[in-house]
$ cat upload_29.cif   # mmCIF, C-alpha atoms
data_coords
#
loop_
_atom_site.group_PDB
_atom_site.id
_atom_site.type_symbol
_atom_site.label_atom_id
_atom_site.label_comp_id
_atom_site.auth_asym_id
_atom_site.auth_seq_id
_atom_site.Cartn_x
_atom_site.Cartn_y
_atom_site.Cartn_z
ATOM 1 C CA MET N 1500 29.125 23.906 -12.690
ATOM 2 C CA GLU N 1501 27.449 21.929 -15.476
ATOM 3 C CA GLU N 1502 30.412 19.540 -15.557
ATOM 4 C CA VAL N 1503 30.109 18.941 -11.815
ATOM 5 C CA GLU N 1504 26.378 18.269 -12.261
ATOM 6 C CA VAL N 1505 27.086 15.780 -15.061
ATOM 7 C CA ASN N 1506 29.680 13.986 -12.942
ATOM 8 C CA LEU N 1507 27.273 13.751 -10.012
ATOM 9 C CA GLU N 1508 24.568 12.338 -12.246
ATOM 10 C CA GLU N 1509 27.004 9.794 -13.692
ATOM 11 C CA GLN N 1510 28.004 8.754 -10.170
ATOM 12 C CA PHE N 1511 24.349 8.444 -9.214
ATOM 13 C CA GLU N 1512 23.534 6.295 -12.261
ATOM 14 C CA ALA N 1513 26.600 4.114 -11.596
ATOM 15 C CA LYS N 1514 25.519 3.495 -7.990
ATOM 16 C CA VAL N 1515 22.010 2.575 -9.079
ATOM 17 C CA ALA N 1516 23.383 0.219 -11.746
ATOM 18 C CA LYS N 1517 25.546 -1.516 -9.121
ATOM 19 C CA ASP N 1518 22.616 -1.808 -6.688
ATOM 20 C CA ILE N 1519 24.294 0.532 -4.198
ATOM 21 C CA ARG N 1520 21.516 2.199 -2.240
ATOM 22 C CA ILE N 1521 20.961 5.918 -2.436
ATOM 23 C CA GLU N 1522 20.861 7.533 1.013
ATOM 24 C CA PRO N 1523 19.269 10.856 2.069
ATOM 25 C CA LYS N 1524 22.537 12.820 2.059
ATOM 26 C CA ASP N 1525 23.604 11.515 -1.362
ATOM 27 C CA TRP N 1526 23.205 13.648 -4.451
ATOM 28 C CA MET N 1527 20.182 12.632 -6.532
ATOM 29 C CA PRO N 1528 18.379 14.108 -9.559
ATOM 30 C CA ASP N 1529 15.390 16.275 -8.729
ATOM 31 C CA ALA N 1530 13.162 13.992 -10.798
ATOM 32 C CA TYR N 1531 14.269 10.955 -8.747
ATOM 33 C CA ARG N 1532 13.475 12.805 -5.522
ATOM 34 C CA LYS N 1533 10.054 13.914 -6.805
ATOM 35 C CA THR N 1534 9.207 10.421 -8.032
ATOM 36 C CA LEU N 1535 10.061 8.928 -4.659
ATOM 37 C CA ILE N 1536 8.107 11.552 -2.717
ATOM 38 C CA ARG N 1537 5.062 10.884 -4.915
ATOM 39 C CA GLN N 1538 5.334 7.103 -4.568
ATOM 40 C CA ILE N 1539 6.207 6.929 -0.867
ATOM 41 C CA SER N 1540 3.614 9.502 0.198
ATOM 42 C CA GLN N 1541 0.967 7.733 -1.894
ATOM 43 C CA HIS N 1542 1.984 4.482 -0.208
ATOM 44 C CA ALA N 1543 1.714 6.131 3.240
ATOM 45 C CA HIS N 1544 -1.707 7.580 2.413
ATOM 46 C CA SER N 1545 -2.866 4.115 1.320
ATOM 47 C CA GLU N 1546 -1.869 2.614 4.661
ATOM 48 C CA ILE N 1547 -3.708 5.332 6.603
ATOM 49 C CA VAL N 1548 -6.873 5.351 4.471
ATOM 50 C CA GLY N 1549 -6.678 1.542 4.352
ATOM 51 C CA MET N 1550 -7.451 1.461 8.078
ATOM 52 C CA LEU N 1551 -10.995 2.679 7.432
ATOM 53 C CA PRO N 1552 -12.710 -0.239 5.610
ATOM 54 C CA GLU N 1553 -11.502 -2.686 8.282
ATOM 55 C CA GLY N 1554 -11.879 -0.305 11.214
ATOM 56 C CA ASN N 1555 -15.559 -0.256 10.276
ATOM 57 C CA TRP N 1556 -15.796 -3.868 11.530
ATOM 58 C CA ILE N 1557 -13.843 -3.678 14.818
ATOM 59 C CA THR N 1558 -17.008 -3.215 16.899
ATOM 60 C CA ARG N 1559 -18.893 -5.836 14.837
ATOM 61 C CA ALA N 1560 -16.319 -8.642 14.708
ATOM 62 C CA PRO N 1561 -17.961 -12.016 15.480
ATOM 63 C CA SER N 1562 -15.856 -12.806 18.572
ATOM 64 C CA LEU N 1563 -13.493 -11.211 21.062
ATOM 65 C CA LYS N 1564 -10.569 -13.047 19.425
ATOM 66 C CA ARG N 1565 -11.491 -11.701 15.989
ATOM 67 C CA LYS N 1566 -11.918 -8.213 17.427
ATOM 68 C CA ALA N 1567 -8.450 -8.285 19.059
ATOM 69 C CA ILE N 1568 -6.783 -9.567 15.867
ATOM 70 C CA LEU N 1569 -8.498 -6.976 13.679
ATOM 71 C CA LEU N 1570 -7.646 -4.172 16.104
ATOM 72 C CA ALA N 1571 -3.982 -5.234 16.070
ATOM 73 C CA LYS N 1572 -4.019 -5.327 12.267
ATOM 74 C CA VAL N 1573 -5.471 -1.824 11.967
ATOM 75 C CA GLN N 1574 -2.824 -0.581 14.422
ATOM 76 C CA ASP N 1575 -0.148 -2.183 12.228
ATOM 77 C CA GLU N 1576 -1.447 -0.251 9.214
ATOM 78 C CA ALA N 1577 -1.186 3.006 11.179
ATOM 79 C CA GLY N 1578 2.422 2.141 11.987
ATOM 80 C CA HIS N 1579 3.168 1.435 8.333
ATOM 81 C CA GLY N 1580 1.851 4.865 7.410
ATOM 82 C CA LEU N 1581 4.118 6.489 9.993
ATOM 83 C CA TYR N 1582 7.215 4.591 8.756
ATOM 84 C CA LEU N 1583 6.470 5.732 5.229
ATOM 85 C CA TYR N 1584 5.764 9.363 6.074
ATOM 86 C CA SER N 1585 9.119 9.348 7.893
ATOM 87 C CA ALA N 1586 10.841 7.878 4.822
ATOM 88 C CA ALA N 1587 9.320 10.625 2.637
ATOM 89 C CA GLU N 1588 10.520 13.262 5.114
ATOM 90 C CA THR N 1589 14.129 12.135 4.540
ATOM 91 C CA LEU N 1590 13.665 13.441 0.984
ATOM 92 C CA GLY N 1591 12.687 16.885 2.236
ATOM 93 C CA ALA N 1592 8.917 16.407 2.090
ATOM 94 C CA SER N 1593 6.807 18.048 4.779
ATOM 95 C CA ARG N 1594 4.444 15.698 6.621
ATOM 96 C CA ASP N 1595 1.936 18.504 7.134
ATOM 97 C CA GLN N 1596 1.965 19.208 3.405
ATOM 98 C CA MET N 1597 1.588 15.523 2.497
ATOM 99 C CA ILE N 1598 -1.432 15.218 4.785
ATOM 100 C CA ALA N 1599 -2.892 18.477 3.449
ATOM 101 C CA ASP N 1600 -2.525 17.122 -0.109
ATOM 102 C CA LEU N 1601 -4.379 13.950 0.895
ATOM 103 C CA HIS N 1602 -7.213 15.895 2.519
ATOM 104 C CA SER N 1603 -7.571 18.263 -0.429
ATOM 105 C CA GLY N 1604 -7.744 15.411 -2.933
ATOM 106 C CA LYS N 1605 -4.508 16.439 -4.640
ATOM 107 C CA ALA N 1606 -2.662 13.308 -3.510
ATOM 108 C CA LYS N 1607 -3.734 9.804 -4.525
ATOM 109 C CA TYR N 1608 -3.923 6.557 -2.588
ATOM 110 C CA SER N 1609 -4.674 2.983 -3.602
ATOM 111 C CA SER N 1610 -8.008 2.729 -5.417
ATOM 112 C CA ILE N 1611 -8.909 -0.470 -3.548
ATOM 113 C CA PHE N 1612 -9.803 1.397 -0.366
ATOM 114 C CA ASN N 1613 -12.682 3.203 -2.028
ATOM 115 C CA TYR N 1614 -14.875 0.103 -1.928
ATOM 116 C CA PRO N 1615 -17.238 -0.729 0.974
ATOM 117 C CA THR N 1616 -16.963 -3.673 3.372
ATOM 118 C CA LEU N 1617 -20.484 -5.104 3.332
ATOM 119 C CA SER N 1618 -20.017 -8.264 5.411
ATOM 120 C CA TRP N 1619 -17.524 -9.935 7.754
ATOM 121 C CA ALA N 1620 -16.375 -12.005 4.772
ATOM 122 C CA ASP N 1621 -15.110 -8.779 3.181
ATOM 123 C CA ILE N 1622 -12.579 -8.527 6.047
ATOM 124 C CA GLY N 1623 -11.321 -11.987 5.138
ATOM 125 C CA ALA N 1624 -11.225 -11.090 1.439
ATOM 126 C CA ILE N 1625 -9.262 -7.903 2.151
ATOM 127 C CA GLY N 1626 -6.705 -9.780 4.235
ATOM 128 C CA TRP N 1627 -6.361 -12.590 1.732
ATOM 129 C CA LEU N 1628 -6.577 -10.695 -1.566
ATOM 130 C CA VAL N 1629 -5.676 -7.057 -0.863
ATOM 131 C CA ASP N 1630 -2.832 -7.802 1.543
ATOM 132 C CA GLY N 1631 -1.720 -10.597 -0.789
ATOM 133 C CA ALA N 1632 -1.494 -8.053 -3.607
ATOM 134 C CA ALA N 1633 0.297 -5.636 -1.270
ATOM 135 C CA ILE N 1634 2.915 -8.297 -0.507
ATOM 136 C CA MET N 1635 3.361 -8.978 -4.221
ATOM 137 C CA ASN N 1636 3.933 -5.256 -4.759
ATOM 138 C CA GLN N 1637 6.014 -4.573 -1.680
ATOM 139 C CA VAL N 1638 8.472 -7.466 -1.350
ATOM 140 C CA PRO N 1639 10.424 -6.185 -4.394
ATOM 141 C CA LEU N 1640 10.468 -2.748 -2.707
ATOM 142 C CA CYS N 1641 12.729 -4.246 -0.010
ATOM 143 C CA ARG N 1642 15.346 -4.013 -2.795
ATOM 144 C CA THR N 1643 14.354 -0.570 -4.056
ATOM 145 C CA SER N 1644 17.221 1.820 -4.746
ATOM 146 C CA TYR N 1645 16.382 4.327 -1.986
ATOM 147 C CA GLY N 1646 17.704 3.144 1.372
ATOM 148 C CA PRO N 1647 15.111 4.473 3.875
ATOM 149 C CA TYR N 1648 12.227 3.191 1.747
ATOM 150 C CA ALA N 1649 13.811 -0.250 1.344
ATOM 151 C CA ARG N 1650 14.506 -0.593 5.072
ATOM 152 C CA ALA N 1651 10.973 0.495 6.026
ATOM 153 C CA MET N 1652 9.542 -2.128 3.691
ATOM 154 C CA VAL N 1653 11.339 -5.012 5.430
ATOM 155 C CA ARG N 1654 9.221 -4.628 8.567
ATOM 156 C CA VAL N 1655 6.083 -3.698 6.637
ATOM 157 C CA CYS N 1656 6.304 -6.898 4.565
ATOM 158 C CA LYS N 1657 6.741 -9.094 7.637
ATOM 159 C CA GLU N 1658 3.563 -7.666 9.133
ATOM 160 C CA GLU N 1659 1.646 -7.789 5.839
ATOM 161 C CA SER N 1660 2.513 -11.471 5.580
ATOM 162 C CA PHE N 1661 0.735 -12.055 8.897
ATOM 163 C CA HIS N 1662 -2.225 -9.983 7.699
ATOM 164 C CA GLN N 1663 -2.539 -12.094 4.562
ATOM 165 C CA ARG N 1664 -2.503 -15.353 6.517
ATOM 166 C CA GLN N 1665 -5.117 -13.945 8.896
ATOM 167 C CA GLY N 1666 -7.396 -13.099 5.951
ATOM 168 C CA PHE N 1667 -6.952 -16.537 4.401
ATOM 169 C CA GLU N 1668 -7.804 -18.160 7.734
ATOM 170 C CA ILE N 1669 -11.061 -16.171 7.935
ATOM 171 C CA MET N 1670 -11.984 -17.271 4.411
ATOM 172 C CA MET N 1671 -11.110 -20.893 5.188
ATOM 173 C CA LYS N 1672 -13.349 -20.875 8.282
ATOM 174 C CA LEU N 1673 -16.231 -19.451 6.260
ATOM 175 C CA CYS N 1674 -15.721 -21.862 3.364
ATOM 176 C CA ASN N 1675 -15.700 -24.831 5.736
ATOM 177 C CA GLY N 1676 -18.732 -23.561 7.658
ATOM 178 C CA ALA N 1677 -22.432 -23.518 6.918
ATOM 179 C CA PRO N 1678 -23.677 -23.107 3.317
ATOM 180 C CA GLU N 1679 -24.665 -19.518 4.175
ATOM 181 C CA GLN N 1680 -21.097 -18.778 5.290
ATOM 182 C CA LYS N 1681 -19.629 -20.303 2.129
ATOM 183 C CA LYS N 1682 -22.039 -18.191 0.076
ATOM 184 C CA MET N 1683 -20.967 -15.073 1.989
ATOM 185 C CA ALA N 1684 -17.285 -15.874 1.262
ATOM 186 C CA GLN N 1685 -17.999 -16.340 -2.464
ATOM 187 C CA GLU N 1686 -19.893 -13.052 -2.631
ATOM 188 C CA ALA N 1687 -17.029 -11.202 -0.950
ATOM 189 C CA PHE N 1688 -14.554 -12.861 -3.338
ATOM 190 C CA ASN N 1689 -16.692 -11.736 -6.280
ATOM 191 C CA ARG N 1690 -16.700 -8.153 -4.975
ATOM 192 C CA TRP N 1691 -12.956 -7.876 -4.321
ATOM 193 C CA TRP N 1692 -11.308 -9.916 -7.100
ATOM 194 C CA TRP N 1693 -11.387 -7.300 -9.865
ATOM 195 C CA PRO N 1694 -10.672 -4.245 -7.671
ATOM 196 C CA THR N 1695 -7.659 -6.139 -6.307
ATOM 197 C CA LEU N 1696 -6.312 -6.699 -9.831
ATOM 198 C CA MET N 1697 -6.681 -2.955 -10.366
ATOM 199 C CA MET N 1698 -4.401 -2.352 -7.345
ATOM 200 C CA PHE N 1699 -1.336 -3.020 -9.481
ATOM 201 C CA GLY N 1700 -2.057 0.117 -11.475
ATOM 202 C CA PRO N 1701 -2.739 0.785 -15.154
ATOM 203 C CA LYS N 1702 -1.483 -1.400 -17.975
ATOM 204 C CA ASP N 1703 2.230 -0.965 -18.666
ATOM 205 C CA ASP N 1704 1.643 0.902 -21.911
ATOM 206 C CA GLU N 1705 -0.596 3.384 -20.066
ATOM 207 C CA SER N 1706 1.590 3.858 -16.980
ATOM 208 C CA PRO N 1707 3.516 7.146 -17.256
ATOM 209 C CA ASN N 1708 5.957 6.402 -14.421
ATOM 210 C CA THR N 1709 6.879 2.732 -14.836
ATOM 211 C CA GLU N 1710 9.690 3.008 -17.382
ATOM 212 C CA GLN N 1711 11.673 5.630 -15.476
ATOM 213 C CA SER N 1712 11.037 3.985 -12.105
ATOM 214 C CA MET N 1713 12.340 0.695 -13.511
ATOM 215 C CA ARG N 1714 15.471 2.388 -14.841
ATOM 216 C CA TRP N 1715 16.162 3.962 -11.444
ATOM 217 C CA ARG N 1716 15.361 0.618 -9.785
ATOM 218 C CA ILE N 1717 12.695 2.183 -7.634
ATOM 219 C CA LYS N 1718 10.461 -0.524 -9.068
ATOM 220 C CA ARG N 1719 11.788 -3.992 -9.915
ATOM 221 C CA PHE N 1720 8.802 -5.317 -11.866
ATOM 222 C CA THR N 1721 6.176 -3.716 -14.071
ATOM 223 C CA ASN N 1722 2.478 -3.468 -13.168
ATOM 224 C CA ASP N 1723 1.493 -6.212 -15.606
ATOM 225 C CA GLU N 1724 4.261 -8.555 -14.432
ATOM 226 C CA LEU N 1725 3.125 -8.233 -10.820
ATOM 227 C CA ARG N 1726 -0.540 -8.625 -11.783
ATOM 228 C CA GLN N 1727 0.242 -11.855 -13.655
ATOM 229 C CA ARG N 1728 2.222 -13.230 -10.710
ATOM 230 C CA PHE N 1729 -0.658 -12.420 -8.390
ATOM 231 C CA VAL N 1730 -3.247 -14.224 -10.526
ATOM 232 C CA ASP N 1731 -0.981 -17.274 -10.830
ATOM 233 C CA MET N 1732 -0.549 -17.341 -7.037
ATOM 234 C CA MET N 1733 -4.180 -16.756 -6.054
ATOM 235 C CA VAL N 1734 -6.093 -19.086 -8.391
ATOM 236 C CA PRO N 1735 -4.781 -22.291 -6.732
ATOM 237 C CA GLN N 1736 -5.580 -20.796 -3.314
ATOM 238 C CA ALA N 1737 -9.144 -20.053 -4.429
ATOM 239 C CA GLU N 1738 -9.470 -23.628 -5.693
ATOM 240 C CA PHE N 1739 -8.241 -24.935 -2.330
ATOM 241 C CA LEU N 1740 -10.938 -22.892 -0.597
ATOM 242 C CA GLY N 1741 -13.567 -24.193 -3.013
ATOM 243 C CA LEU N 1742 -14.275 -20.729 -4.394
ATOM 244 C CA THR N 1743 -14.950 -19.890 -8.035
ATOM 245 C CA VAL N 1744 -12.844 -17.126 -9.569
ATOM 246 C CA PRO N 1745 -15.368 -14.605 -11.009
ATOM 247 C CA ASP N 1746 -13.774 -14.588 -14.473
ATOM 248 C CA LYS N 1747 -15.290 -16.594 -17.316
ATOM 249 C CA ASP N 1748 -12.154 -16.006 -19.408
ATOM 250 C CA LEU N 1749 -9.752 -17.484 -16.851
ATOM 251 C CA LYS N 1750 -7.793 -20.442 -18.248
ATOM 252 C CA TRP N 1751 -4.361 -22.022 -17.933
ATOM 253 C CA ASN N 1752 -1.884 -21.190 -20.687
ATOM 254 C CA GLU N 1753 0.752 -23.900 -21.036
ATOM 255 C CA LYS N 1754 2.915 -21.795 -23.339
ATOM 256 C CA LYS N 1755 3.456 -18.990 -20.810
ATOM 257 C CA ASN N 1756 3.088 -21.296 -17.800
ATOM 258 C CA GLY N 1757 0.499 -18.986 -16.298
ATOM 259 C CA TYR N 1758 -3.162 -18.045 -16.409
ATOM 260 C CA ASP N 1759 -4.879 -15.995 -19.081
ATOM 261 C CA PHE N 1760 -7.541 -13.802 -17.512
ATOM 262 C CA GLY N 1761 -10.265 -11.429 -18.615
ATOM 263 C CA GLU N 1762 -10.008 -7.728 -19.358
ATOM 264 C CA ILE N 1763 -10.142 -5.409 -16.359
ATOM 265 C CA ASN N 1764 -12.826 -2.718 -16.408
ATOM 266 C CA TRP N 1765 -10.421 0.188 -16.878
ATOM 267 C CA ASN N 1766 -13.260 2.709 -17.029
ATOM 268 C CA GLU N 1767 -14.150 1.744 -13.461
ATOM 269 C CA PHE N 1768 -10.493 1.945 -12.424
ATOM 270 C CA TRP N 1769 -9.980 5.471 -13.780
ATOM 271 C CA ASN N 1770 -13.333 6.590 -12.416
ATOM 272 C CA VAL N 1771 -12.284 5.541 -8.896
ATOM 273 C CA VAL N 1772 -8.807 7.079 -9.311
ATOM 274 C CA LYS N 1773 -10.442 10.386 -10.276
ATOM 275 C CA GLY N 1774 -12.412 10.396 -7.036
ATOM 276 C CA ASN N 1775 -15.746 9.002 -8.202
ATOM 277 C CA GLY N 1776 -15.671 5.569 -6.563
ATOM 278 C CA PRO N 1777 -18.279 4.212 -4.125
ATOM 279 C CA CYS N 1778 -16.503 5.556 -1.018
ATOM 280 C CA ASN N 1779 -13.978 8.211 -2.163
ATOM 281 C CA LYS N 1780 -15.743 11.171 -0.592
ATOM 282 C CA GLN N 1781 -16.587 9.262 2.583
ATOM 283 C CA ARG N 1782 -12.981 8.144 3.070
ATOM 284 C CA ILE N 1783 -11.547 11.674 2.796
ATOM 285 C CA GLN N 1784 -14.284 13.178 4.965
ATOM 286 C CA THR N 1785 -13.555 10.589 7.664
ATOM 287 C CA ARG N 1786 -9.813 11.255 7.518
ATOM 288 C CA VAL N 1787 -10.289 15.040 7.704
ATOM 289 C CA LYS N 1788 -12.698 14.691 10.654
ATOM 290 C CA ALA N 1789 -10.271 12.408 12.530
ATOM 291 C CA TYR N 1790 -7.363 14.782 11.857
ATOM 292 C CA GLU N 1791 -9.271 17.812 13.091
ATOM 293 C CA GLU N 1792 -10.575 16.037 16.190
ATOM 294 C CA GLY N 1793 -7.059 14.796 16.967
ATOM 295 C CA ALA N 1794 -5.516 18.284 16.883
ATOM 296 C CA TRP N 1795 -5.503 18.541 20.690
ATOM 297 C CA VAL N 1796 -3.473 15.313 20.954
ATOM 298 C CA ARG N 1797 -0.801 16.645 18.593
ATOM 299 C CA GLU N 1798 -0.724 19.986 20.418
ATOM 300 C CA ALA N 1799 -0.386 18.256 23.800
ATOM 301 C CA ALA N 1800 2.411 16.017 22.510
ATOM 302 C CA LEU N 1801 4.319 19.014 21.135
ATOM 303 C CA ALA N 1802 3.874 20.921 24.405
ATOM 304 C CA HIS N 1803 5.115 17.925 26.387
ATOM 305 C CA ALA N 1804 8.123 17.518 24.097
ATOM 306 C CA GLU N 1805 8.968 21.208 24.485
ATOM 307 C CA LYS N 1806 8.777 20.958 28.294
ATOM 308 C CA ARG N 1807 11.085 17.956 28.293
ATOM 309 C CA ALA N 1808 13.542 19.723 26.009
ATOM 310 C CA GLN N 1809 13.427 22.787 28.264
ATOM 311 C CA ARG N 1810 14.188 20.671 31.339
ATOM 312 C CA GLU N 1811 17.102 19.034 29.546
ATOM 313 C CA ARG N 1812 18.483 22.463 28.596
ATOM 314 C CA GLN N 1813 18.187 23.629 32.213
ATOM 315 C CA LYS N 1814 20.009 20.524 33.459
ATOM 316 C CA ALA N 1815 22.772 21.079 30.934
ATOM 317 C CA GLU N 1816 23.148 24.727 31.991
ATOM 318 C CA GLN N 1817 23.298 23.786 35.682
ATOM 319 C CA ALA N 1818 25.885 21.090 35.003
ATOM 320 C CA ALA N 1819 28.007 23.585 33.092
#
$ encode --input "upload_29.cif" --output "structure tokens"
Amino acid sequence: MEEVEVNLEEQFEAKVAKDIRIEPKDWMPDAYRKTLIRQISQHAHSEIVGMLPEGNWITRAPSLKRKAILLAKVQDEAGHGLYLYSAAETLGASRDQMIADLHSGKAKYSSIFNYPTLSWADIGAIGWLVDGAAIMNQVPLCRTSYGPYARAMVRVCKEESFHQRQGFEIMMKLCNGAPEQKKMAQEAFNRWWWPTLMMFGPKDDESPNTEQSMRWRIKRFTNDELRQRFVDMMVPQAEFLGLTVPDKDLKWNEKKNGYDFGEINWNEFWNVVKGNGPCNKQRIQTRVKAYEEGAWVREAALAHAEKRAQRERQKAEQAA
């Protein structure tokens, strides 16, 4: 039995090394399965909780056009969460259990969504910065080693690309508007810049999962590599908008062909991760309330599905 297990693990490692995707029915180590369930469910939770900061502005958007675009974006995020919960289910995870873990505080989601949206400019900053960081994180996941996750990410990334352009367009309108609008854009940029850099996770030497995830090709780049790429991409965009990056230590480094930037406030990061951020409790309370109030919809859908299945069984029996 042990020899069979060793052979299966060798076959698994060989497939990963050759970039052959692992599919749900393939043998995989328990640790690989657990790592994927943790990462994919956390990703799904982030999409669902991520609806809340922007959903807060649907009724207060400055025009009907902006309202329709924001509503469509929030709906996209709900869809992303559903794709990802489905991908986690292919690994044997229970959706009910994943949601229960989110509501109890056992499961984590992206720290960025525990910050408030104080002005309309924050919606632009989220689209531009947060969705920009999401794209930086998620495009490599289109090549992740687990098939269902990789395929889900193809559509997610296409939609996130639209979201990022929408956010940049909001910021551009504000920056080219009245001085008060430009000031509002700068203030939102100041609020979201550092929390967005935290989105990529802890420093590589403090990340307990990065090394193994890289070896299994679940991740393709480390947290610090992605963070550096993001800074190098966003600084020229900020300059184009006429915004000042809120980092006195930011400077171009010719040797590494990239920007040096200041130290992230890791105490703040870990404080938010542990549930003590500005909006942690509010976000979970809102999700729990929505889930409980939506129970009748789920029950009705299940009853309808059962009736349809019953009718199909009756038709099959009559035809036989």
$ closest_residue --input "upload_29.cif" --among "N:Phe1739, N:Phe1699, N:Tyr1645, N:Tyr1584" --to "Asn1722 in chain N" --atoms "all atoms listed in the file"
N:Phe1699
$ closest_residue --input "upload_29.cif" --among "N:Asp1704, N:Glu1668, N:Glu1805, N:Asp1746" --to "Ile1622 in chain N" --atoms "only C-alpha atoms"
N:Glu1668
$ residues_near_point --input "upload_29.cif" --point "(-11.0, -7.1, 2.3)" --cutoff "12 Å" --atoms "all atoms listed in the file" --output "JSON, numbers by chain"
{"N": [1549, 1550, 1551, 1552, 1553, 1554, 1555, 1556, 1569, 1611, 1612, 1613, 1614, 1615, 1616, 1617, 1618, 1619, 1620, 1621, 1622, 1623, 1624, 1625, 1626, 1627, 1628, 1629, 1630, 1631, 1632, 1633, 1662, 1663, 1665, 1666, 1667, 1669, 1670, 1684, 1686, 1687, 1688, 1689, 1690, 1691, 1692, 1694, 1695]}
$ closest_residue --input "upload_29.cif" --among "N:Ala1530, N:Asn1770, N:Glu1588, N:Glu1658" --to "Val1573 in chain N" --atoms "all atoms listed in the file"
N:Glu1658
$ resolve_selection --input "upload_29.cif" --expression "the PyMOL selection byres ((chain N and resi 1646) around 6)" --output "list in words"
Arg1520, Ile1521, Glu1522, Tyr1645, Pro1647, Tyr1648 and Ala1649 of chain N
$ resolve_selection --input "upload_29.cif" --expression "the PyMOL selection byres ((chain N and resi 1767) around 12)" --output "ChimeraX atom specification"
/N:1610-1611,1613-1614,1693-1694,1697,1701,1762-1766,1768-1777
$ closest_residue --input "upload_29.cif" --among "N:Asn1506, N:Gly1676, N:Met1635, N:Cys1641" --to "Met1733 in chain N" --atoms "all atoms listed in the file"
N:Met1635
$ resolve_selection --input "upload_29.cif" --expression "the PyMOL selection byres ((chain N and resi 1721) around 12)" --output "short mmCIF file (atom, residue, chain, number, x, y, z; two decimals) with C-alpha atoms, in the frame of the given file"
data_model
loop_
_atom_site.label_atom_id
_atom_site.label_comp_id
_atom_site.auth_asym_id
_atom_site.auth_seq_id
_atom_site.Cartn_x
_atom_site.Cartn_y
_atom_site.Cartn_z
CA MET N 1635 3.36 -8.98 -4.22
CA ASN N 1636 3.93 -5.26 -4.76
CA PRO N 1639 10.42 -6.18 -4.39
CA PHE N 1699 -1.34 -3.02 -9.48
CA GLY N 1700 -2.06 0.12 -11.48
CA PRO N 1701 -2.74 0.78 -15.15
CA LYS N 1702 -1.48 -1.40 -17.98
CA ASP N 1703 2.23 -0.96 -18.67
CA ASP N 1704 1.64 0.90 -21.91
CA GLU N 1705 -0.60 3.38 -20.07
CA SER N 1706 1.59 3.86 -16.98
CA PRO N 1707 3.52 7.15 -17.26
CA ASN N 1708 5.96 6.40 -14.42
CA THR N 1709 6.88 2.73 -14.84
CA GLU N 1710 9.69 3.01 -17.38
CA GLN N 1711 11.67 5.63 -15.48
CA SER N 1712 11.04 3.98 -12.10
CA MET N 1713 12.34 0.70 -13.51
CA ARG N 1714 15.47 2.39 -14.84
CA ARG N 1716 15.36 0.62 -9.78
CA ILE N 1717 12.70 2.18 -7.63
CA LYS N 1718 10.46 -0.52 -9.07
CA ARG N 1719 11.79 -3.99 -9.91
CA PHE N 1720 8.80 -5.32 -11.87
CA ASN N 1722 2.48 -3.47 -13.17
CA ASP N 1723 1.49 -6.21 -15.61
CA GLU N 1724 4.26 -8.56 -14.43
CA LEU N 1725 3.12 -8.23 -10.82
CA ARG N 1726 -0.54 -8.62 -11.78
CA GLN N 1727 0.24 -11.86 -13.66
CA ARG N 1728 2.22 -13.23 -10.71
#
$ residues_around --input "upload_29.cif" --residues "range 1542-1544 of chain N" --least-positions-apart "5" --cutoff "6 Å" --atoms "only C-alpha atoms" --output "list in words"
Gly1580, Leu1583, Tyr1584 and Tyr1608 of chain N
$ atom_distance --input "upload_29.cif" --atom1 "CA of Lys1605 in chain N" --atom2 "CA of Arg1537 in chain N"
11.1 Å
$ closest_residue --input "upload_29.cif" --among "N:Met1527, N:Ile1536, N:Val1653, N:Ile1783" --to "Gln1596 in chain N" --atoms "all atoms listed in the file"
N:Ile1536
$ axis_aligned_box --input "upload_29.cif" --around "range 1706-1725 of chain N" --padding-each-side "8 Å" --output "AutoDock Vina command-line options"
--center_x 8.8 --center_y -0.7 --center_z -12.5 --size_x 30.7 --size_y 31.7 --size_z 25.7
